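Here's work_14.cif, which has mmCIF, C-alpha atoms:
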```cif
data_target
loop_
_atom_site.label_atom_id
_atom_site.label_comp_id
_atom_site.auth_asym_id
_atom_site.auth_seq_id
_atom_site.Cartn_x
_atom_site.Cartn_y
_atom_site.Cartn_z
CA MET A 1 -40.59 17.33 4.96
CA SER A 2 -37.62 19.62 5.20
CA GLN A 3 -37.48 18.66 8.89
CA ARG A 4 -36.59 15.11 7.97
CA LEU A 5 -33.67 16.02 5.75
CA ILE A 6 -30.47 16.14 7.72
CA ASN A 7 -28.68 19.42 7.40
CA TRP A 8 -25.25 18.07 6.50
CA PHE A 9 -23.72 21.50 6.54
CA LYS A 10 -24.36 21.65 10.26
CA PHE A 11 -21.77 18.88 10.69
CA ALA A 12 -19.36 20.80 8.49
CA SER A 13 -19.03 23.38 11.22
CA PRO A 14 -16.01 22.69 13.47
CA ALA A 15 -18.08 23.66 16.54
CA THR A 16 -20.47 20.76 15.88
CA PHE A 17 -17.90 18.33 14.55
CA TYR A 18 -15.35 18.67 17.38
CA PRO A 19 -17.55 17.11 20.11
CA LEU A 20 -19.04 14.61 17.63
CA ALA A 21 -15.54 13.38 16.66
CA GLY A 22 -14.71 13.12 20.35
CA LYS A 23 -17.70 10.87 20.92
CA LEU A 24 -17.12 8.72 17.83
CA TRP A 25 -13.40 7.92 17.86
CA PRO A 26 -13.41 5.48 20.81
CA TRP A 27 -16.01 3.35 19.00
CA PHE A 28 -13.88 3.16 15.88
CA ALA A 29 -10.80 2.40 17.97
CA ALA A 30 -12.67 -0.47 19.66
CA LEU A 31 -13.83 -1.80 16.28
CA ALA A 32 -10.26 -1.58 14.97
CA ALA A 33 -8.97 -3.60 17.92
CA ALA A 34 -11.72 -6.23 17.55
CA PHE A 35 -11.20 -6.63 13.78
CA THR A 36 -7.41 -6.80 14.27
CA LEU A 37 -7.73 -9.62 16.78
CA ALA A 38 -10.17 -11.52 14.56
CA GLY A 39 -8.07 -10.89 11.43
CA LEU A 40 -4.81 -11.96 13.09
CA TRP A 41 -6.49 -15.08 14.48
CA LEU A 42 -7.78 -16.07 11.04
CA GLY A 43 -4.61 -15.05 9.23
CA LEU A 44 -2.06 -16.65 11.55
CA PHE A 45 -3.90 -19.61 13.06
CA VAL A 46 -6.84 -20.63 10.87
CA ALA A 47 -5.77 -19.85 7.29
CA PRO A 48 -3.89 -22.81 5.78
CA THR A 49 -0.39 -22.91 4.31
CA ASP A 50 -0.18 -21.83 0.66
CA PHE A 51 0.74 -24.47 -1.94
CA GLN A 52 3.31 -22.19 -3.61
CA GLN A 53 4.67 -19.85 -0.99
CA GLY A 54 4.37 -21.88 2.21
CA GLU A 55 4.03 -19.69 5.28
CA GLY A 56 5.69 -16.72 3.57
CA TYR A 57 2.42 -15.74 1.93
CA ARG A 58 1.04 -14.60 5.32
CA ILE A 59 2.54 -11.17 4.65
CA ILE A 60 -0.55 -10.77 2.44
CA PHE A 61 -2.66 -10.11 5.57
CA ILE A 62 -0.75 -6.86 6.09
CA HIS A 63 0.44 -6.02 2.59
CA VAL A 64 -2.89 -6.03 0.72
CA PRO A 65 -4.95 -4.17 3.38
CA ALA A 66 -2.17 -1.54 3.76
CA SER A 67 -2.02 -1.07 -0.03
CA TRP A 68 -5.79 -0.79 -0.30
CA MET A 69 -5.90 1.79 2.49
CA SER A 70 -3.07 3.83 0.92
CA MET A 71 -5.12 4.14 -2.29
CA PHE A 72 -8.49 4.56 -0.55
CA ILE A 73 -7.28 7.31 1.80
CA TYR A 74 -5.91 9.27 -1.15
CA CYS A 75 -9.34 9.06 -2.82
CA VAL A 76 -11.03 10.28 0.37
CA MET A 77 -8.55 13.17 0.56
CA ALA A 78 -9.37 14.06 -3.04
CA PHE A 79 -13.09 13.92 -2.15
CA TRP A 80 -12.58 16.37 0.74
CA ALA A 81 -10.40 18.53 -1.50
CA ALA A 82 -13.21 18.77 -4.06
CA MET A 83 -15.76 19.48 -1.29
CA GLY A 84 -13.54 22.23 0.08
CA LEU A 85 -13.09 23.86 -3.31
CA VAL A 86 -16.80 23.63 -4.21
CA PHE A 87 -18.53 24.52 -0.91
CA ASN A 88 -15.65 26.44 0.68
CA THR A 89 -16.17 24.62 3.98
CA ARG A 90 -13.37 24.96 6.53
CA LEU A 91 -13.69 21.41 7.80
CA SER A 92 -12.90 19.84 4.39
CA GLY A 93 -9.30 21.00 4.37
CA MET A 94 -8.87 19.88 7.97
CA MET A 95 -10.15 16.41 7.09
CA SER A 96 -7.64 16.14 4.23
CA ALA A 97 -4.83 17.29 6.49
CA ALA A 98 -5.90 14.81 9.18
CA LEU A 99 -5.87 11.88 6.73
CA ALA A 100 -2.56 12.57 4.95
CA PRO A 101 -0.11 11.23 7.58
CA THR A 102 -2.08 7.97 7.92
CA GLY A 103 -2.20 7.59 4.13
CA ALA A 104 1.53 8.17 3.88
CA LEU A 105 2.12 5.58 6.60
CA PHE A 106 0.05 2.95 4.80
CA ALA A 107 1.82 3.68 1.50
CA PHE A 108 5.14 3.21 3.28
CA LEU A 109 3.95 -0.01 4.93
CA SER A 110 2.75 -1.30 1.57
CA LEU A 111 6.23 -0.74 0.12
CA TRP A 112 7.98 -2.12 3.20
CA THR A 113 5.95 -5.33 3.43
CA GLY A 114 6.18 -5.66 -0.35
CA ALA A 115 9.98 -5.57 -0.16
CA LEU A 116 9.99 -8.17 2.62
CA TRP A 117 7.71 -10.34 0.51
CA GLY A 118 9.51 -9.82 -2.80
CA LYS A 119 12.95 -10.79 -1.53
CA PRO A 120 12.19 -14.42 -0.65
CA MET A 121 9.57 -15.05 -3.35
CA TRP A 122 10.72 -13.14 -6.44
CA GLY A 123 14.38 -12.88 -5.48
CA ALA A 124 14.45 -9.06 -5.31
CA TRP A 125 13.58 -6.43 -2.68
CA TRP A 126 12.58 -3.98 -5.36
CA VAL A 127 12.00 -3.88 -9.11
CA TRP A 128 10.96 -0.93 -11.25
CA ASP A 129 7.77 -2.47 -12.57
CA ALA A 130 4.60 -0.44 -13.12
CA ARG A 131 2.84 -1.55 -9.91
CA LEU A 132 5.74 -0.86 -7.57
CA THR A 133 6.71 2.39 -9.28
CA SER A 134 3.17 3.81 -9.19
CA GLU A 135 2.82 2.93 -5.48
CA LEU A 136 6.14 4.70 -4.81
CA ILE A 137 4.75 7.73 -6.66
CA LEU A 138 1.71 7.63 -4.34
CA PHE A 139 4.03 7.71 -1.32
CA PHE A 140 5.83 10.76 -2.72
CA LEU A 141 2.49 12.45 -3.45
CA TYR A 142 1.55 12.07 0.24
CA LEU A 143 4.94 13.48 1.30
CA GLY A 144 4.55 16.35 -1.17
CA TYR A 145 1.07 17.14 0.18
CA ILE A 146 2.30 17.15 3.79
CA ALA A 147 5.38 19.28 3.08
CA LEU A 148 3.49 21.76 0.91
CA THR A 149 0.60 22.31 3.32
CA SER A 150 2.88 22.66 6.34
CA ALA A 151 5.04 25.21 4.52
CA ILE A 152 2.14 27.63 4.00
CA ASP A 153 1.26 29.61 7.13
CA ASP A 154 -2.27 30.65 6.20
CA PRO A 155 -4.32 27.46 6.75
CA ARG A 156 -6.97 28.35 4.14
CA ARG A 157 -4.32 28.89 1.47
CA ALA A 158 -2.52 25.74 2.59
CA ASP A 159 -5.78 23.79 2.18
CA LYS A 160 -6.24 25.13 -1.36
CA ALA A 161 -2.70 24.23 -2.39
CA GLY A 162 -3.09 20.79 -0.82
CA ALA A 163 -6.44 20.30 -2.55
CA ILE A 164 -4.80 20.84 -5.93
CA VAL A 165 -2.06 18.28 -5.16
CA SER A 166 -4.62 15.70 -4.06
CA LEU A 167 -6.97 16.29 -7.02
CA VAL A 168 -4.16 16.10 -9.59
CA GLY A 169 -2.51 13.14 -7.86
CA VAL A 170 -5.67 11.07 -7.63
CA ILE A 171 -5.16 10.08 -11.31
CA ASN A 172 -2.39 7.88 -9.98
CA VAL A 173 -4.80 5.67 -8.01
CA PRO A 174 -6.49 3.94 -10.99
CA ILE A 175 -3.03 3.66 -12.56
CA ILE A 176 -1.81 1.71 -9.51
CA TYR A 177 -4.92 -0.45 -9.53
CA PHE A 178 -4.88 -1.37 -13.23
CA SER A 179 -1.08 -1.39 -13.66
CA VAL A 180 -0.97 -5.19 -13.38
CA LYS A 181 -3.52 -5.44 -16.21
CA TRP A 182 -2.25 -2.74 -18.54
CA TRP A 183 1.44 -3.65 -18.49
CA ASN A 184 3.70 -6.65 -18.02
CA THR A 185 4.65 -6.56 -14.36
CA LEU A 186 6.57 -8.81 -12.01
CA HIS A 187 3.85 -8.14 -9.46
CA GLN A 188 0.99 -10.65 -9.54
CA GLY A 189 -2.47 -9.74 -10.84
CA ALA A 190 -5.39 -9.06 -8.49
CA SER A 191 -6.47 -11.99 -6.30
CA VAL A 192 -9.66 -10.18 -5.36
CA SER A 193 -11.64 -8.04 -7.80
CA LEU A 194 -15.21 -7.03 -8.52
CA THR A 195 -15.31 -8.79 -11.87
CA LYS A 196 -14.33 -12.34 -10.95
CA ALA A 197 -14.47 -14.82 -8.09
CA PRO A 198 -11.54 -14.39 -5.68
CA SER A 199 -8.64 -16.76 -6.39
CA MET A 200 -7.98 -17.46 -2.73
CA ALA A 201 -9.08 -20.06 -0.21
CA THR A 202 -12.05 -18.78 1.86
CA THR A 203 -10.30 -18.46 5.25
CA MET A 204 -7.36 -16.66 3.62
CA LEU A 205 -9.76 -14.24 1.97
CA TRP A 206 -11.63 -13.57 5.21
CA GLY A 207 -8.42 -12.98 7.13
CA MET A 208 -7.42 -10.39 4.55
CA LEU A 209 -10.84 -8.68 4.51
CA LEU A 210 -10.93 -8.50 8.33
CA MET A 211 -7.49 -6.90 8.43
CA ALA A 212 -8.62 -4.41 5.78
CA LEU A 213 -11.64 -3.55 7.95
CA ALA A 214 -9.35 -3.20 10.98
CA PHE A 215 -7.06 -0.77 9.11
CA TRP A 216 -10.11 1.14 7.91
CA MET A 217 -11.51 1.55 11.43
CA TYR A 218 -8.03 2.47 12.70
CA THR A 219 -7.78 5.17 10.02
CA ILE A 220 -11.14 6.68 11.02
CA ALA A 221 -10.24 6.67 14.73
CA VAL A 222 -6.82 8.28 14.21
CA ALA A 223 -8.10 10.80 11.65
CA LEU A 224 -10.92 11.86 14.02
CA CYS A 225 -8.41 12.32 16.83
CA ARG A 226 -6.08 14.31 14.56
CA VAL A 227 -8.86 16.47 13.11
CA ARG A 228 -9.79 17.46 16.69
CA ALA A 229 -6.21 18.59 17.27
CA ILE A 230 -6.24 20.54 13.99
CA ILE A 231 -9.55 22.23 14.88
CA LEU A 232 -8.11 23.40 18.22
CA GLU A 233 -4.85 24.52 16.59
CA ARG A 234 -6.70 26.61 14.03
CA GLU A 235 -9.75 27.82 15.93
CA GLY A 236 -8.55 27.82 19.52
CA ARG A 237 -9.55 31.47 19.92
CA ALA A 238 -13.21 30.86 18.98
CA GLN A 239 -15.90 31.45 21.59
CA TRP A 240 -17.30 27.89 21.32
CA VAL A 241 -13.90 26.46 22.27
CA ALA A 242 -13.87 28.53 25.46
CA GLU A 243 -17.31 27.16 26.29
CA LEU A 244 -16.28 23.49 25.97
CA PRO A 245 -16.62 21.64 29.30
CA GLU A 246 -13.11 20.19 28.90
CA MET A 247 -11.60 23.68 28.82
CA ARG A 248 -12.98 24.67 32.25
CA THR A 249 -10.38 24.34 34.95
CA MET B 1 17.10 26.89 12.48
CA ASN B 2 14.83 29.94 12.41
CA THR B 3 11.32 29.97 11.00
CA ARG B 4 12.29 31.21 7.57
CA GLN B 5 15.02 28.60 7.14
CA LYS B 6 12.66 25.93 8.37
CA ARG B 7 9.96 26.95 5.93
CA PHE B 8 12.52 27.07 3.13
CA ALA B 9 13.65 23.54 4.04
CA ILE B 10 10.05 22.27 4.07
CA ILE B 11 9.26 23.86 0.69
CA LEU B 12 12.46 22.38 -0.70
CA GLY B 13 11.48 18.96 0.70
CA GLY B 14 7.97 19.21 -0.77
CA LEU B 15 9.22 20.25 -4.18
CA THR B 16 11.80 17.46 -4.11
CA ALA B 17 9.10 14.90 -3.27
CA LEU B 18 6.81 16.13 -6.06
CA GLY B 19 9.80 16.36 -8.41
CA ILE B 20 10.78 12.75 -7.68
CA ALA B 21 7.16 11.70 -8.31
CA ALA B 22 7.13 13.54 -11.65
CA ALA B 23 10.53 12.14 -12.63
CA LEU B 24 9.37 8.61 -11.86
CA ILE B 25 6.25 9.11 -13.98
CA LEU B 26 8.22 10.46 -16.95
CA ASN B 27 10.83 7.73 -16.65
CA ALA B 28 8.07 5.14 -16.48
CA PHE B 29 6.40 6.46 -19.61
CA GLN B 30 9.70 6.44 -21.45
CA SER B 31 10.67 2.83 -21.08
CA ASN B 32 10.14 1.06 -17.81
CA LEU B 33 6.41 0.47 -18.16
CA VAL B 34 7.32 -2.61 -20.15
CA PHE B 35 8.93 -4.65 -17.42
CA PHE B 36 9.58 -7.65 -19.65
CA PHE B 37 9.09 -8.90 -23.20
CA THR B 38 7.46 -12.23 -23.99
CA PRO B 39 9.27 -14.68 -26.33
CA THR B 40 6.68 -13.84 -29.02
CA GLN B 41 7.53 -10.13 -28.73
CA VAL B 42 11.25 -10.94 -28.90
CA ALA B 43 10.70 -13.08 -32.02
CA ALA B 44 8.79 -10.17 -33.58
CA GLY B 45 11.80 -7.92 -32.96
CA GLU B 46 10.07 -5.69 -30.38
CA ALA B 47 12.79 -6.06 -27.77
CA PRO B 48 15.66 -3.54 -27.72
CA LYS B 49 18.74 -4.80 -29.58
CA ASP B 50 21.42 -2.49 -28.21
CA ARG B 51 20.85 -2.89 -24.48
CA ALA B 52 20.01 -5.46 -21.84
CA PHE B 53 16.32 -6.24 -21.36
CA ARG B 54 14.07 -8.68 -19.53
CA ILE B 55 12.20 -11.64 -20.90
CA GLY B 56 9.24 -13.19 -19.15
CA GLY B 57 7.22 -16.36 -19.52
CA LEU B 58 6.96 -19.86 -18.11
CA VAL B 59 9.88 -22.18 -17.42
CA LYS B 60 9.28 -25.01 -19.93
CA GLU B 61 8.56 -28.33 -18.25
CA GLY B 62 11.57 -30.66 -18.40
CA SER B 63 13.92 -28.00 -19.73
CA LEU B 64 15.85 -27.25 -16.52
CA VAL B 65 19.47 -28.46 -16.62
CA ARG B 66 22.11 -27.73 -13.96
CA GLN B 67 25.84 -27.93 -14.83
CA ASP B 68 27.95 -26.95 -11.81
CA VAL B 69 26.93 -23.34 -11.16
CA THR B 70 25.34 -22.77 -14.56
CA VAL B 71 21.61 -23.28 -14.95
CA ARG B 72 19.97 -23.71 -18.34
CA PHE B 73 16.25 -23.57 -18.99
CA VAL B 74 13.81 -22.60 -21.70
CA VAL B 75 11.38 -19.67 -21.32
CA THR B 76 8.15 -20.17 -23.24
CA ASP B 77 4.88 -18.31 -23.71
CA THR B 78 3.47 -21.47 -25.37
CA ALA B 79 3.90 -19.87 -28.82
CA LYS B 80 7.66 -19.11 -28.92
CA GLU B 81 10.64 -20.24 -26.85
CA ILE B 82 13.97 -18.75 -25.77
CA PRO B 83 16.82 -20.81 -24.24
CA VAL B 84 18.38 -19.12 -21.21
CA SER B 85 21.63 -19.69 -19.36
CA TYR B 86 22.31 -18.24 -15.91
CA LYS B 87 25.06 -18.43 -13.29
CA GLY B 88 23.79 -17.81 -9.78
CA ILE B 89 21.21 -18.58 -7.13
CA LEU B 90 17.62 -19.11 -8.20
CA PRO B 91 14.74 -17.69 -6.09
CA ASP B 92 12.62 -20.03 -3.91
CA LEU B 93 9.66 -19.98 -6.26
CA PHE B 94 11.66 -20.82 -9.39
CA GLN B 95 10.11 -24.01 -10.77
CA GLU B 96 9.40 -25.73 -14.03
CA GLY B 97 5.98 -24.76 -15.33
CA LYS B 98 6.00 -21.52 -13.26
CA GLY B 99 6.47 -17.88 -14.21
CA VAL B 100 9.94 -16.39 -14.55
CA VAL B 101 11.46 -13.04 -15.50
CA ALA B 102 15.14 -12.95 -16.56
CA GLN B 103 17.30 -9.91 -17.24
CA GLY B 104 20.19 -10.13 -19.67
CA SER B 105 21.02 -9.99 -23.34
CA LEU B 106 20.22 -12.02 -26.39
CA GLY B 107 23.19 -13.50 -28.28
CA ALA B 108 23.36 -13.79 -32.05
CA ASP B 109 22.76 -17.53 -31.66
CA GLY B 110 19.39 -16.85 -30.00
CA GLN B 111 20.74 -17.84 -26.59
CA PHE B 112 19.72 -15.47 -23.76
CA THR B 113 22.43 -14.93 -21.14
CA ALA B 114 20.79 -13.83 -17.89
CA SER B 115 22.44 -11.75 -15.18
CA GLU B 116 19.39 -11.90 -12.88
CA VAL B 117 16.52 -14.36 -12.61
CA LEU B 118 13.30 -13.48 -10.76
CA ALA B 119 10.33 -15.75 -10.07
CA LYS B 120 6.87 -14.48 -11.01
CA HIS B 121 4.02 -16.12 -9.15
CA ASP B 122 0.31 -15.97 -9.97
CA GLU B 123 -2.57 -14.60 -7.94
CA ASN B 124 -3.84 -17.97 -6.67
CA TYR B 125 -3.65 -18.80 -3.00
CA MET B 126 -4.86 -22.15 -1.67
CA PRO B 127 -3.78 -24.96 0.62
CA PRO B 128 -1.67 -27.80 -0.93
CA GLU B 129 -4.60 -30.28 -0.65
CA ALA B 130 -6.87 -27.96 -2.64
CA LYS B 131 -4.13 -27.52 -5.25
CA ALA B 132 -3.80 -31.32 -5.55
CA ALA B 133 -7.58 -31.60 -6.01
CA VAL B 134 -7.56 -28.89 -8.69
CA ASP B 135 -4.70 -30.62 -10.54
CA GLN B 136 -6.51 -33.95 -10.34
CA ALA B 137 -9.71 -32.47 -11.76
CA HIS B 138 -7.65 -30.79 -14.48
CA ASP B 139 -5.97 -34.09 -15.42
CA ALA B 140 -9.33 -35.91 -15.38
CA ALA B 141 -10.80 -33.33 -17.75
CA LYS B 142 -7.79 -33.74 -20.05
CA THR B 143 -8.13 -37.54 -20.09
CA LEU B 144 -11.83 -37.29 -20.89
CA LYS B 145 -11.15 -35.01 -23.85
CA GLN B 146 -8.71 -37.45 -25.45
CA MET C 1 -4.42 -25.08 14.06
CA ASN C 2 -1.38 -24.78 11.82
CA TRP C 3 1.40 -24.94 14.34
CA ALA C 4 2.86 -27.88 16.26
CA SER C 5 4.78 -25.63 18.68
CA ALA C 6 5.56 -22.02 19.51
CA SER C 7 8.96 -22.20 17.81
CA ASP C 8 7.19 -23.57 14.73
CA PHE C 9 4.94 -20.52 14.83
CA PHE C 10 7.84 -18.08 15.09
CA ALA C 11 9.85 -19.83 12.36
CA MET C 12 6.98 -19.38 9.83
CA GLY C 13 8.36 -22.19 7.71
CA GLY C 14 11.71 -20.41 7.33
CA TYR C 15 10.13 -17.06 6.42
CA GLY C 16 10.05 -15.82 10.04
CA LEU C 17 12.28 -12.81 9.43
CA TYR C 18 10.15 -11.59 6.52
CA VAL C 19 6.74 -12.30 8.06
CA TRP C 20 7.55 -10.91 11.51
CA GLY C 21 9.44 -8.00 9.97
CA SER C 22 6.20 -7.08 8.19
CA PHE C 23 3.78 -7.65 11.07
CA GLY C 24 6.11 -6.18 13.71
CA LEU C 25 6.95 -2.94 11.95
CA THR C 26 3.34 -2.42 10.86
CA PHE C 27 1.84 -2.65 14.33
CA ALA C 28 4.72 -0.70 15.89
CA ALA C 29 4.24 2.09 13.33
CA LEU C 30 0.46 2.18 13.82
CA ALA C 31 0.90 2.39 17.61
CA VAL C 32 3.42 5.23 17.27
CA GLU C 33 1.15 7.11 14.86
CA ALA C 34 -1.86 6.77 17.18
CA ALA C 35 0.25 8.01 20.12
CA LEU C 36 1.48 10.99 18.07
CA ALA C 37 -2.09 11.94 17.11
CA ALA C 38 -3.25 11.68 20.75
CA GLY C 39 -0.22 13.73 21.85
CA ARG C 40 -0.98 16.40 19.27
CA LEU C 41 -4.54 16.74 20.61
CA LYS C 42 -3.25 16.95 24.18
CA THR C 43 -0.76 19.68 23.25
CA ALA C 44 -3.41 21.69 21.38
CA ARG C 45 -5.83 21.38 24.29
CA ARG C 46 -3.17 22.48 26.80
CA ARG C 47 -2.33 25.51 24.66
CA VAL C 48 -5.98 26.59 24.45
CA ARG C 49 -6.37 26.22 28.23
CA ARG C 50 -3.24 28.28 28.83
CA GLU C 51 -4.48 31.03 26.52
CA LEU C 52 -7.91 31.05 28.18
CA ALA C 53 -6.29 31.34 31.61
CA ALA C 54 -4.10 34.21 30.37
CA ASP C 55 -7.22 35.98 29.06
CA LEU C 56 -8.88 35.65 32.45
CA ASP C 57 -5.80 37.08 34.17
CA THR C 58 -5.79 40.20 32.02
CA GLN C 59 -9.50 40.73 32.62
CA ASP C 60 -9.06 40.76 36.40
#
```
Reformat the file's structure so that it appears as structure tokens.
Amino acid sequence: MSQRLINWFKFASPATFYPLAGKLWPWFAALAAAFTLAGLWLGLFVAPTDFQQGEGYRIIFIHVPASWMSMFIYCVMAFWAAMGLVFNTRLSGMMSAALAPTGALFAFLSLWTGALWGKPMWGAWWVWDARLTSELILFFLYLGYIALTSAIDDPRRADKAGAIVSLVGVINVPIIYFSVKWWNTLHQGASVSLTKAPSMATTMLWGMLLMALAFWMYTIAVALCRVRAIILEREGRAQWVAELPEMRT
Amino acid sequence: MNTRQKRFAIILGGLTALGIAAALILNAFQSNLVFFFTPTQVAAGEAPKDRAFRIGGLVKEGSLVRQDVTVRFVVTDTAKEIPVSYKGILPDLFQEGKGVVAQGSLGADGQFTASEVLAKHDENYMPPEAKAAVDQAHDAAKTLKQ
Amino acid sequence: MNWASASDFFAMGGYGLYVWGSFGLTFAALAVEAALAAGRLKTARRRVRRELAADLDTQD
């Protein structure tokens, strides 16, 4: 019986995870490319014009997936932070560190595309409403995490400090999500939620979901690639690294 | 830049980023969480009296009047109404029957003078034909009720 | 198909600047980020190889 249970801690060892990540990332990269092509096709060529916003609404195919990913990645970082603090596994901190730059990028893209959408539709690049402000806070939390962890030389201590930032900051994620419900905002309410039918035409919805999947796969591929770099940077002197086939010259 | 200066700069950058995040949170809790007040809230005296604020609601159907550069319209939340006057360019989505947020101040005569007008759109996305069908069904339901 | 011509497609009903500004910067940024991550791995790998070679030299 115990034979059939996977020993997850085996994968938490960098020596096992490094080659596994190397094998996996090209698959996720290929999925990302395929979903991007399908999503762009649906979003730009199949999805119809919107009755209110004309063609300008097509920013939604980037804006919503990028915003979702910025929140989701922060939650995953908080998950790894908790894992690292509880089980004291080395890989957890590396996973957090590998995800942070991608999360920061998606938070930035969410704000950028939001500004480009807000100007023509609302009449303003930026307003200090609860949704926009809380997303800006998320962006600064990512920057704070990155700056703090790269300022501490000892990687294990850097991971601990980063874990605290991500666990405290994760409170902000539900605030972003529910901000449009809890307060009067200029930002629209959710078009897609678990509690009601989506208020979008089907092809529009599918275009958006495919782009979200594409960004998700992209995030996994890039994070796997980056975590490999981090493993080598931190554990380059380990015996298993010397025994890797790619290190033989 | 040597290592120590670099580290100092990074720590300073990190603290600044976290500080900005904290400042934004505190500022938000103080006042800005309420982005706009509805006409009902204004009638109940909830809006600030000594400074400019924003009102939000729907542009009342048939209330839009243009005189040269001045635009006049009525903001309603179906319970209360506020007349607004504004000099300037309206956003693309500004329309009668649609959402609007206006920043400005309320005169003693109950007239709101706006310095900025923003359009607030809803979360519905559909092609024009579908919208026409929805409107038609809506009108049909209304006629049946009468 | 939504578009009568290529110029129609790029105009995006008058919102071209905003739509293409969003799509363009997003995909450019993602490409740069992916390249940076790949470059970081390459650098780390080169450093490990150099260190291993140096170890071998001292052993000889």
Show me, as JSON, the centre and edge lengths in Å to one decimal of the axis-aligned box that covers every listed atom of segment 14-28 of chain C with 8 Å on each side.
```
{"center_x": 7.1, "center_y": -10.6, "center_z": 11.2, "size_x": 26.4, "size_y": 35.7, "size_z": 25.5}
```
Notebook entry, point to check: From the set A:Ile152, A:Ser134, A:Ala34, A:Ala66, which residue has the shortest atom-to-atom contact distance to Thr3 of chain B, counting all atoms listed in the file?
Noted result: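 Smallest separation from Thr3 of chain B among the options: A:Ile152.
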Please enumerate the residues selected by the PyMOL selection byres ((chain C) within 12 of (chain B)) when evaluated against the supplied file, formatted as a PyMOL selection string. chain C and resi 2+14-15
Name every residue that the PyMOL selection byres ((chain C and resi 49) around 10) selects in this structure, writing the answer as a tab-separated table (two decimals) with C-alpha atoms, keeping the file's coordinate frame with chains first and numbers rising.
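The result, written out as part_31.tsv:
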```
chain	number	residue	atom	x	y	z
A	236	GLY	CA	-8.55	27.82	19.52
A	241	VAL	CA	-13.90	26.46	22.27
A	242	ALA	CA	-13.87	28.53	25.46
A	246	GLU	CA	-13.11	20.19	28.90
A	247	MET	CA	-11.60	23.68	28.82
A	248	ARG	CA	-12.98	24.67	32.25
A	249	THR	CA	-10.38	24.34	34.95
C	43	THR	CA	-0.76	19.68	23.25
C	44	ALA	CA	-3.41	21.69	21.38
C	45	ARG	CA	-5.83	21.38	24.29
C	46	ARG	CA	-3.17	22.48	26.80
C	47	ARG	CA	-2.33	25.51	24.66
C	48	VAL	CA	-5.98	26.59	24.45
C	50	ARG	CA	-3.24	28.28	28.83
C	51	GLU	CA	-4.48	31.03	26.52
C	52	LEU	CA	-7.91	31.05	28.18
C	53	ALA	CA	-6.29	31.34	31.61
C	54	ALA	CA	-4.10	34.21	30.37
C	55	ASP	CA	-7.22	35.98	29.06
```
Cut-off 6 Å: closest chain A/chain B atom pairs per residue, using all atoms listed in the file, as CSV:
```
residue,atom,partner,partner_atom,distance
A:Pro48,CA,B:Pro127,CA,5.6
A:Thr49,CA,B:Pro127,CA,5.4
A:Asp50,CA,B:Pro127,CA,4.8
A:Phe51,CA,B:Pro128,CA,4.2
A:Met121,CA,B:Leu93,CA,5.7
A:Trp122,CA,B:Ala119,CA,4.5
A:Gly123,CA,B:Pro91,CA,4.9
A:Asp129,CA,B:Phe35,CA,5.4
A:Ala130,CA,B:Leu33,CA,5.4
A:Ile137,CA,B:Ala21,CA,4.9
A:Phe140,CA,B:Ala17,CA,5.3
A:Gly144,CA,B:Gly14,CA,4.5
A:Ala147,CA,B:Gly14,CA,4.6
A:Leu148,CA,B:Gly14,CA,5.4
A:Ala151,CA,B:Arg7,CA,5.4
A:Asn184,CA,B:Phe35,CA,5.6
A:Thr185,CA,B:Phe35,CA,5.6
A:Leu186,CA,B:Lys120,CA,5.8
A:Gln188,CA,B:Asp122,CA,5.4
A:Gly189,CA,B:Glu123,CA,5.7
A:Ser191,CA,B:Glu123,CA,5.0
A:Ser199,CA,B:Asn124,CA,5.0
A:Met200,CA,B:Tyr125,CA,4.5
A:Ala201,CA,B:Met126,CA,4.9
```
(message) Residue by residue, what does the PyMOL selection byres ((chain C and resi 34) around 12) grab here? Present the result as a ChimeraX atom specification.
(response) /A:25,29,101-102,105,218-226 /C:27-33,35-41
Practice prompt. Calculate how many Å separate atom CA of Phe73 of chain B from atom CA of Leu58 of chain B, rounding to one decimal.
Written response: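 Computing the Euclidean distance for atom CA of Phe73 of chain B and atom CA of Leu58 of chain B yields 10.0 Å.
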Rounded to one decimal, what separation in Å do you get between atom CA of Arg90 of chain A and atom CA of Ser13 of chain A?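 These two atoms are separated by 7.5 Å.
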Atom CA of Gly97 of chain B sits from atom CA of His187 of chain A at a separation of 17.8 Å
query = In terms of the shortest atom-to-atom distance over all atoms listed in the file, which of A:Tyr145, A:Phe178, A:Trp183, A:Phe61 is closest to chain C?
reply =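 The answer is A:Phe61, which sits nearest to chain C.
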As JSON, numbers by chain, please: the residues near Arg58 of chain A (cut-off 12 Å, all atoms listed in the file, same-chain neighbours under 4 positions excluded).
{"A": [39, 40, 41, 42, 43, 44, 45, 46, 47, 48, 49, 50, 52, 53, 54, 62, 63, 64, 113, 114, 116, 117, 203, 204, 205, 207, 208, 211], "B": [125, 126], "C": [9, 12, 13, 15, 16, 18, 19, 20, 21, 22, 23]}
- Task: Please provide as an MDAnalysis selection string all residues within 12 Å of Ala43 of chain B, with the sequence filter that same-chain residues fewer than 3 positions apart are discarded (counting only C-alpha atoms).
- Result: chainID B and resid 37:40 46:49 55 76:77 79:82 106 110
So that I can check the surroundings of Ala214 of chain A, please list as an mmCIF file with C-alpha atoms, keeping the file's coordinate frame every protein, DNA and RNA residue that reaches within 9 Å of it, counting only C-alpha atoms and ignoring chain neighbours fewer than 6 positions away.
```cif
data_model
loop_
_atom_site.group_PDB
_atom_site.id
_atom_site.type_symbol
_atom_site.label_atom_id
_atom_site.label_comp_id
_atom_site.auth_asym_id
_atom_site.auth_seq_id
_atom_site.Cartn_x
_atom_site.Cartn_y
_atom_site.Cartn_z
ATOM 1 C CA LEU A 31 -13.830 -1.800 16.280
ATOM 2 C CA ALA A 32 -10.260 -1.580 14.970
ATOM 3 C CA ALA A 33 -8.970 -3.600 17.920
ATOM 4 C CA ALA A 34 -11.720 -6.230 17.550
ATOM 5 C CA PHE A 35 -11.200 -6.630 13.780
ATOM 6 C CA THR A 36 -7.410 -6.800 14.270
ATOM 7 C CA LEU A 37 -7.730 -9.620 16.780
ATOM 8 C CA GLY A 39 -8.070 -10.890 11.430
ATOM 9 C CA PRO A 65 -4.950 -4.170 3.380
#
```
